[in-house]
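Note: the block below is work-v2.cif and it holds mmCIF, C-alpha atoms.
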```cif
data_structure
loop_
_atom_site.label_atom_id
_atom_site.label_comp_id
_atom_site.auth_asym_id
_atom_site.auth_seq_id
_atom_site.Cartn_x
_atom_site.Cartn_y
_atom_site.Cartn_z
CA MET I 507 -62.15 47.86 -13.53
CA LYS I 508 -60.35 47.62 -16.83
CA SER I 509 -57.03 48.50 -15.26
CA SER I 510 -57.45 45.86 -12.55
CA ALA I 511 -58.25 43.19 -15.16
CA ASP I 512 -55.18 44.18 -17.16
CA ALA I 513 -53.09 43.95 -14.01
CA LYS I 514 -54.40 40.44 -13.30
CA ARG I 515 -53.60 39.34 -16.83
CA ALA I 516 -50.15 40.89 -16.58
CA GLY I 517 -49.60 39.17 -13.26
CA SER I 518 -50.65 35.86 -14.69
CA ARG I 519 -48.22 36.32 -17.55
CA VAL I 520 -45.40 37.16 -15.13
CA ALA I 521 -46.17 34.25 -12.80
CA THR I 522 -46.37 31.68 -15.60
CA PRO I 523 -42.60 31.41 -16.40
CA GLY I 524 -41.79 30.41 -12.80
CA PRO I 525 -43.24 26.87 -12.94
CA ALA I 526 -42.09 26.48 -16.53
CA ARG I 527 -38.53 27.43 -15.58
CA SER I 528 -38.51 25.03 -12.64
CA ARG I 529 -39.75 22.22 -14.88
CA ALA I 530 -36.97 22.98 -17.35
CA GLN I 531 -34.40 22.92 -14.58
CA ARG I 532 -35.70 19.60 -13.33
CA TYR I 533 -35.55 18.23 -16.86
CA ARG I 534 -31.96 19.40 -17.33
CA GLU I 535 -30.93 17.93 -13.98
CA SER I 536 -32.54 14.59 -14.79
CA THR I 537 -30.93 14.62 -18.23
CA ARG I 538 -27.56 15.45 -16.71
CA GLY I 539 -27.94 12.61 -14.22
CA SER I 540 -28.85 10.15 -16.96
CA ARG I 541 -25.84 11.26 -19.00
CA VAL I 542 -23.54 10.68 -16.06
CA ILE I 543 -24.98 7.20 -15.58
CA GLN I 544 -24.57 6.47 -19.29
CA SER I 545 -20.99 7.74 -19.26
CA VAL I 546 -20.10 5.57 -16.27
CA ALA I 547 -21.77 2.57 -17.90
CA LEU I 548 -19.83 3.11 -21.15
CA LEU I 549 -16.52 3.52 -19.28
CA ALA I 550 -17.09 0.59 -16.94
CA VAL I 551 -15.88 -2.10 -19.36
CA PRO I 552 -12.76 -0.20 -20.60
CA LEU I 553 -11.84 0.73 -17.03
CA ALA I 554 -12.29 -2.85 -15.90
CA VAL I 555 -10.06 -4.10 -18.73
CA TYR I 556 -7.47 -1.40 -17.97
CA ALA I 557 -7.49 -2.27 -14.29
CA ALA I 558 -7.19 -6.00 -14.98
CA PHE I 559 -4.37 -5.81 -17.52
CA MET I 560 -2.50 -2.67 -16.43
CA LEU I 561 -3.17 -1.54 -12.87
CA TYR I 562 -3.27 -4.98 -11.27
CA PRO I 563 0.04 -6.13 -12.84
CA LEU I 564 1.69 -2.90 -11.67
CA VAL I 565 0.43 -3.40 -8.13
CA ARG I 566 1.43 -7.06 -8.25
CA VAL I 567 4.96 -6.22 -9.43
CA PHE I 568 5.34 -3.68 -6.65
CA GLN I 569 4.15 -6.30 -4.16
CA LEU I 570 6.68 -8.83 -5.47
CA SER I 571 9.45 -6.25 -5.17
CA LEU I 572 9.01 -6.31 -1.40
CA TYR I 573 9.77 -10.04 -1.17
CA GLU I 574 12.73 -12.31 -1.72
CA TRP I 575 11.45 -15.09 -3.99
CA ASP I 576 12.99 -17.46 -6.51
CA GLY I 577 9.76 -17.89 -8.45
CA LEU I 578 9.04 -21.41 -7.19
CA GLY I 579 9.26 -21.82 -3.42
CA TYR I 580 8.19 -19.72 -0.47
CA SER I 581 8.74 -15.98 -0.41
CA THR I 582 10.21 -13.90 2.40
CA PHE I 583 9.23 -10.31 3.11
CA VAL I 584 12.32 -8.08 2.95
CA GLY I 585 10.76 -4.62 2.64
CA PHE I 586 12.78 -2.24 0.46
CA ALA I 587 15.95 -4.35 0.51
CA ASN I 588 15.49 -5.17 -3.18
CA TYR I 589 15.42 -1.46 -4.01
CA VAL I 590 18.63 -0.98 -2.05
CA GLU I 591 20.13 -3.79 -4.13
CA THR I 592 18.93 -2.11 -7.32
CA PHE I 593 20.68 1.16 -6.47
CA THR I 594 23.88 -0.39 -5.09
CA ASN I 595 24.55 -3.34 -7.39
CA PRO I 596 27.20 -2.24 -9.93
CA ARG I 597 25.76 -4.48 -12.64
CA LEU I 598 22.27 -2.99 -12.27
CA LEU I 599 23.60 0.57 -12.11
CA SER I 600 25.62 0.02 -15.27
CA ALA I 601 22.45 -1.22 -16.95
CA PHE I 602 20.79 2.15 -16.33
CA TRP I 603 23.91 3.95 -17.55
CA HIS I 604 23.80 1.90 -20.76
CA ALA I 605 20.14 2.81 -21.19
CA LEU I 606 21.03 6.50 -21.01
CA ILE I 607 23.67 5.97 -23.69
CA LEU I 608 21.09 4.20 -25.85
CA ILE I 609 18.81 7.23 -25.50
CA PHE I 610 21.50 9.22 -27.30
CA PHE I 611 21.52 6.68 -30.15
CA TYR I 612 17.76 6.08 -30.26
CA ALA I 613 16.56 9.67 -29.81
CA VAL I 614 19.23 12.35 -30.20
CA ILE I 615 21.01 11.09 -33.34
CA PRO I 616 17.77 10.27 -35.25
CA LEU I 617 16.30 13.65 -34.29
CA CYS I 618 19.35 15.60 -35.50
CA VAL I 619 19.76 13.63 -38.72
CA GLY I 620 16.02 13.21 -39.35
CA SER I 621 15.26 16.93 -38.98
CA VAL I 622 17.88 17.86 -41.57
CA LEU I 623 16.84 15.03 -43.90
CA ALA I 624 13.14 15.86 -43.60
CA SER I 625 13.79 19.54 -44.25
CA LEU I 626 15.84 18.80 -47.36
CA LEU I 627 13.22 16.44 -48.74
CA VAL I 628 10.27 18.76 -48.08
CA ARG I 629 11.94 22.00 -49.19
CA SER I 630 13.52 20.46 -52.28
CA LYS I 631 10.22 18.95 -53.47
CA VAL I 632 11.82 15.61 -54.27
CA LYS I 633 9.77 13.41 -56.58
CA GLY I 634 8.54 10.12 -55.22
CA LEU I 635 8.24 11.43 -51.69
CA GLY I 636 5.55 8.89 -50.82
CA PHE I 637 7.80 6.02 -51.91
CA PHE I 638 10.64 7.41 -49.80
CA ARG I 639 8.36 7.62 -46.74
CA THR I 640 7.45 3.97 -47.23
CA VAL I 641 11.05 2.82 -47.63
CA VAL I 642 12.42 4.79 -44.69
CA PHE I 643 9.58 3.56 -42.46
CA VAL I 644 10.16 -0.13 -43.26
CA PRO I 645 12.34 -0.83 -40.16
CA GLN I 646 9.38 0.15 -37.97
CA VAL I 647 7.15 -2.59 -39.40
CA ILE I 648 9.72 -5.41 -39.35
CA ALA I 649 10.07 -7.40 -36.16
CA MET I 650 13.07 -6.29 -34.12
CA VAL I 651 14.20 -9.90 -33.78
CA VAL I 652 14.50 -10.17 -37.56
CA LEU I 653 16.45 -6.91 -37.74
CA ALA I 654 18.72 -8.01 -34.90
CA ILE I 655 19.57 -11.28 -36.65
CA ALA I 656 20.32 -9.41 -39.88
CA TRP I 657 22.59 -6.90 -38.15
CA ARG I 658 24.32 -9.65 -36.20
CA GLY I 659 25.39 -11.03 -39.56
CA ILE I 660 26.50 -7.58 -40.73
CA TYR I 661 28.65 -7.13 -37.60
CA ALA I 662 30.07 -10.67 -37.77
CA PRO I 663 33.88 -11.09 -38.05
CA ASP I 664 33.43 -12.19 -41.67
CA GLY I 665 30.46 -9.89 -42.30
CA PRO I 666 30.10 -7.05 -44.84
CA ILE I 667 31.60 -4.33 -42.59
CA ASN I 668 34.85 -6.20 -41.93
CA SER I 669 35.02 -7.39 -45.53
CA PHE I 670 34.75 -3.80 -46.73
CA LEU I 671 37.44 -2.63 -44.30
CA ARG I 672 39.80 -5.36 -45.49
CA ALA I 673 39.06 -4.51 -49.13
CA ILE I 674 40.14 -0.88 -48.68
CA GLY I 675 43.25 -1.75 -46.72
CA LEU I 676 41.95 -1.11 -43.19
CA GLU I 677 42.19 -4.66 -41.93
CA SER I 678 43.51 -3.42 -38.59
CA TRP I 679 40.12 -1.81 -37.99
CA ALA I 680 38.24 -5.06 -38.51
CA ARG I 681 37.02 -6.67 -35.32
CA ALA I 682 34.19 -8.69 -33.78
CA TRP I 683 32.06 -5.61 -33.22
CA LEU I 684 29.46 -7.25 -30.97
CA GLY I 685 32.15 -9.05 -28.98
CA ASP I 686 34.32 -6.04 -28.28
CA PHE I 687 34.01 -4.46 -24.82
CA THR I 688 34.49 -0.97 -26.26
CA PHE I 689 32.42 -1.10 -29.45
CA ALA I 690 29.61 -3.53 -28.56
CA LEU I 691 27.28 -0.95 -27.00
CA PRO I 692 27.78 1.69 -29.77
CA ALA I 693 27.23 -1.07 -32.34
CA VAL I 694 23.90 -1.96 -30.74
CA GLY I 695 23.04 1.74 -30.43
CA LEU I 696 23.64 2.36 -34.14
CA ILE I 697 21.06 -0.32 -34.93
CA GLY I 698 18.60 1.63 -32.80
CA SER I 699 19.56 4.84 -34.61
CA TRP I 700 18.83 3.21 -37.96
CA VAL I 701 15.48 1.89 -36.77
CA SER I 702 14.37 5.18 -35.18
CA LEU I 703 15.54 7.40 -38.05
CA GLY I 704 12.65 6.41 -40.31
CA LEU I 705 10.00 7.10 -37.67
CA VAL I 706 11.46 10.49 -36.75
CA THR I 707 11.90 11.54 -40.38
CA VAL I 708 8.32 10.66 -41.33
CA LEU I 709 6.89 12.48 -38.30
CA LEU I 710 8.93 15.61 -39.00
CA MET I 711 8.10 15.54 -42.71
CA SER I 712 4.40 15.52 -41.91
CA GLY I 713 4.85 18.60 -39.74
CA MET I 714 7.15 20.47 -42.12
CA SER I 715 4.82 19.95 -45.09
CA SER I 716 2.17 22.07 -43.32
CA ILE I 717 4.43 25.10 -42.72
CA PRO I 718 3.19 28.07 -44.82
CA LYS I 719 5.59 28.93 -47.63
CA ASP I 720 4.98 32.62 -46.99
CA LEU I 721 7.17 32.37 -43.89
CA TYR I 722 10.15 31.21 -45.90
CA GLU I 723 9.55 33.83 -48.61
CA ALA I 724 9.41 36.59 -46.01
CA ALA I 725 12.58 35.29 -44.38
CA MET I 726 14.36 35.27 -47.74
CA LEU I 727 13.33 38.88 -48.35
CA ASP I 728 14.84 39.77 -44.97
CA GLY I 729 18.10 38.16 -46.02
CA ALA I 730 17.87 34.96 -43.95
CA GLY I 731 19.74 31.99 -45.41
CA ARG I 732 18.74 28.33 -45.39
CA VAL I 733 20.43 27.64 -42.07
CA ARG I 734 18.76 30.61 -40.37
CA GLN I 735 15.39 29.61 -41.82
CA PHE I 736 15.87 26.07 -40.54
CA PHE I 737 16.51 27.15 -36.94
CA SER I 738 14.12 30.13 -36.88
CA ILE I 739 11.14 28.76 -38.81
CA THR I 740 11.32 25.02 -39.40
CA ILE I 741 12.33 23.77 -35.96
CA PRO I 742 9.90 26.00 -33.95
CA SER I 743 7.05 25.04 -36.31
CA VAL I 744 7.48 21.30 -35.71
CA ARG I 745 7.89 21.44 -31.93
CA ALA I 746 4.89 19.15 -31.39
CA GLU I 747 6.31 16.55 -33.79
CA ILE I 748 9.69 16.78 -32.05
CA VAL I 749 8.05 16.11 -28.68
CA VAL I 750 6.23 13.08 -30.08
CA SER I 751 9.42 11.80 -31.68
CA LEU I 752 11.43 12.16 -28.49
CA THR I 753 8.70 10.51 -26.43
CA LEU I 754 8.48 7.46 -28.70
CA THR I 755 12.22 7.03 -29.18
CA ILE I 756 13.10 7.49 -25.50
CA ILE I 757 10.53 4.88 -24.53
CA ALA I 758 11.96 2.54 -27.18
CA ALA I 759 15.49 3.08 -25.83
CA LEU I 760 14.54 2.40 -22.23
CA LYS I 761 12.44 -0.65 -23.15
CA THR I 762 15.09 -2.24 -25.36
CA PHE I 763 15.22 -5.98 -24.74
CA ASP I 764 14.88 -8.06 -27.91
CA LEU I 765 17.68 -6.22 -29.72
CA VAL I 766 20.14 -6.77 -26.87
CA TYR I 767 18.97 -10.32 -26.24
CA VAL I 768 19.48 -11.42 -29.86
CA THR I 769 22.69 -9.54 -30.65
CA THR I 770 24.80 -9.71 -27.48
CA SER I 771 22.76 -11.22 -24.60
CA GLY I 772 24.13 -8.41 -22.46
CA GLY I 773 27.75 -9.25 -23.26
CA PRO I 774 30.58 -9.28 -23.56
CA GLY I 775 30.53 -9.46 -19.79
CA SER I 776 27.87 -6.94 -18.86
CA SER I 777 28.96 -4.20 -21.29
CA THR I 778 25.62 -4.10 -23.15
CA THR I 779 23.18 -5.08 -20.45
CA VAL I 780 20.14 -2.78 -20.08
CA PRO I 781 17.35 -2.61 -17.47
CA SER I 782 14.80 -4.58 -19.51
CA TYR I 783 17.32 -7.35 -20.11
CA GLU I 784 18.29 -7.32 -16.44
CA VAL I 785 14.63 -7.83 -15.45
CA TYR I 786 14.64 -11.00 -17.55
CA TYR I 787 18.10 -12.08 -16.34
CA GLN I 788 17.36 -11.57 -12.65
CA ALA I 789 13.94 -13.25 -12.76
CA PHE I 790 14.47 -16.19 -15.14
CA ARG I 791 18.21 -16.85 -15.16
CA ILE I 792 19.27 -16.50 -11.53
CA GLY I 793 15.88 -16.66 -9.77
CA GLU I 794 15.87 -13.21 -8.13
CA VAL I 795 12.24 -12.32 -8.78
CA GLY I 796 12.14 -9.66 -6.05
CA THR I 797 15.16 -7.82 -7.45
CA ALA I 798 13.75 -8.09 -10.97
CA SER I 799 10.44 -6.65 -9.78
CA SER I 800 12.10 -3.72 -8.02
CA LEU I 801 14.13 -3.06 -11.15
CA ALA I 802 10.93 -3.10 -13.22
CA VAL I 803 9.27 -0.60 -10.86
CA VAL I 804 12.28 1.73 -11.01
CA LEU I 805 12.40 1.45 -14.81
CA THR I 806 8.68 2.26 -15.09
CA ALA I 807 9.11 5.31 -12.87
CA ALA I 808 12.15 6.45 -14.88
CA ILE I 809 10.27 6.16 -18.18
CA PHE I 810 7.36 8.13 -16.74
CA VAL I 811 9.52 10.91 -15.28
CA ILE I 812 11.75 11.34 -18.34
CA ASN I 813 8.85 11.53 -20.75
CA LEU I 814 6.93 13.84 -18.43
CA VAL I 815 9.89 16.23 -18.43
CA VAL I 816 10.18 16.02 -22.23
CA ASN I 817 6.50 16.83 -22.69
CA LEU I 818 6.50 19.66 -20.14
CA VAL I 819 9.55 21.30 -21.74
CA GLY I 820 8.20 20.77 -25.25
CA GLU I 821 4.79 22.26 -24.48
CA ARG I 822 6.15 25.45 -22.92
CA ASP I 823 5.23 28.63 -24.79
#
```
Can you turn what I pasted into structure tokens?
Amino acid sequence: MKSSADAKRAGSRVATPGPARSRAQRYRESTRGSRVIQSVALLAVPLAVYAAFMLYPLVRVFQLSLYEWDGLGYSTFVGFANYVETFTNPRLLSAFWHALILIFFYAVIPLCVGSVLASLLVRSKVKGLGFFRTVVFVPQVIAMVVLAIAWRGIYAPDGPINSFLRAIGLESWARAWLGDFTFALPAVGLIGSWVSLGLVTVLLMSGMSSIPKDLYEAAMLDGAGRVRQFFSITIPSVRAEIVVSLTLTIIAALKTFDLVYVTTSGGPGSSTTVPSYEVYYQAFRIGEVGTASSLAVVLTAAIFVINLVVNLVGERD
């Protein structure tokens, strides 16, 4: 009798966790469901704002790219004819070629110069580093229109550059830099290099300051010089900062509008025109809204693809 009573009690103890476990599962499922509802409710407003101000304009631009429209009258559906115009019009193709050249000035030159400058400043323990960061970052906080007006005066025929060249006996080198077919685009690109240099240098300095000093000490014991340390330790350690720098500067190069508009307005001729300026020119100057929209779609896709490639290559182990 005693053994049977013990068995019943044992059975009751074994059977008890079943209902308790099922109640716990139901509670977790209900909690999970409520969390999903709360998450959707919290994301509803941001998603609605994103859709209204980002997705809808993109869809609308793509829709406009399929029509021939002057912005005022009736539109005519032309399919992908505007895209054919974008890829066959010499002026529009040259705009993309100029944008690629500006990538060299906006991204490659600042990265090469900024990495060396940041390494020298961090390794040399220069005093007043915070002040230098502030000064070198100033071009990023000043409106590009203001910078463009200032540089337009610097490049003027009677500006500081030509005055300096005349003072040292190189008057034959003086020229209207922004009005020269050969030098106008490099002159605009150098402005972009100056603006981007501060951003790239500050980003790389923040990454280099966190590199353990033990790595450099060990490299010195192995006989590695400063140059070898730079390429073997410094550059690999700031790969994430390099990817961020390239992403931001490439986007800035491809989106350039205000700098070109203020300094050259795409001239002389079309030697400094870029895709962003062409979108404005086609839509508001000659009334080709469809072509401008197709150009904007192609430019958006190009920015996305280029930066996707940069991030994929930069994140590889």
Which one of I:Leu760, I:Met711, I:Ile648, I:Ala557 sits closest to Phe610 in chain I if you count only C-alpha atoms?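 Checking each candidate against Phe610 in chain I, we get I:Leu760 as the closest.
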Separation of CA of Arg745 in chain I from CA of Val819 in chain I in Å: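 Separation of CA of Val819 in chain I and CA of Arg745 in chain I: 10.3 Å.
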Proximity of range 718-776 of chain I to range 793-809 of chain I: per-residue shortest pair, 10 Å limit, all atoms listed in the file, as CSV:
```
residue,atom,partner,partner_atom,distance
I:Thr753,CA,I:Ile809,CA,9.5
I:Ile756,CA,I:Ile809,CA,8.0
I:Ile757,CA,I:Ile809,CA,6.5
I:Ala758,CA,I:Ile809,CA,9.8
I:Ala759,CA,I:Ile809,CA,9.8
I:Leu760,CA,I:Ile809,CA,7.0
I:Lys761,CA,I:Leu805,CA,8.6
```
Could you list, as a list in words, every residue within 10 Å of Ser716 in chain I, counting only C-alpha atoms and ignoring same-chain residues fewer than 2 positions away?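 That gives Val628, Met711, Ser712, Gly713, Met714, Pro718, Lys719, Ser743 and Val744 of chain I.
Across the model, the gap from CA of Tyr787 in chain I to CA of Phe763 in chain I is 10.8 Å.
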Would you work out the distance separating CA of Leu709 in chain I from CA of Ile748 in chain I, expressed in Å to one decimal?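 Rounded to one decimal, the two atoms are 8.1 Å apart.
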For the PyMOL selection byres ((chain I and resi 645) around 12), applied here, can you spell out every residue it catches as a VMD selection string? chain I and resid 639 to 644 646 to 654 656 697 to 706
Residue nearest Gly636 in chain I among I:Asp728, I:Ala680, I:Val708, I:Ala662 (counting only C-alpha atoms): I:Val708
Given the file above and the PyMOL selection byres ((chain I and resi 721) around 12), which residues are selected, and can you give them as a list in words?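 Evaluating the PyMOL selection byres ((chain I and resi 721) around 12) on this file yields Ser716, Ile717, Pro718, Lys719, Asp720, Tyr722, Glu723, Ala724, Ala725, Met726, Leu727, Asp728, Ala730, Gln735, Phe736, Ser738, Ile739, Thr740 and Ser743 of chain I.
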Just so the selection is clear, what residues does the PyMOL selection byres ((chain I and resi 775) around 12) cover here, as a VMD selection string? chain I and resid 597 600 to 601 684 to 688 690 to 691 770 to 774 776 to 779
Tell me which protein, DNA and RNA residues are within 12 Å of Gly665 in chain I, counting all atoms listed in the file, leaving out same-chain ones fewer than 5 positions away, and put them as a list in words.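 Within the cut-off, the hits are Ala656, Trp657, Arg658, Gly659, Ile660, Phe670, Leu671, Arg672, Ala680, Arg681, Ala682, Trp683 and Leu684 of chain I.
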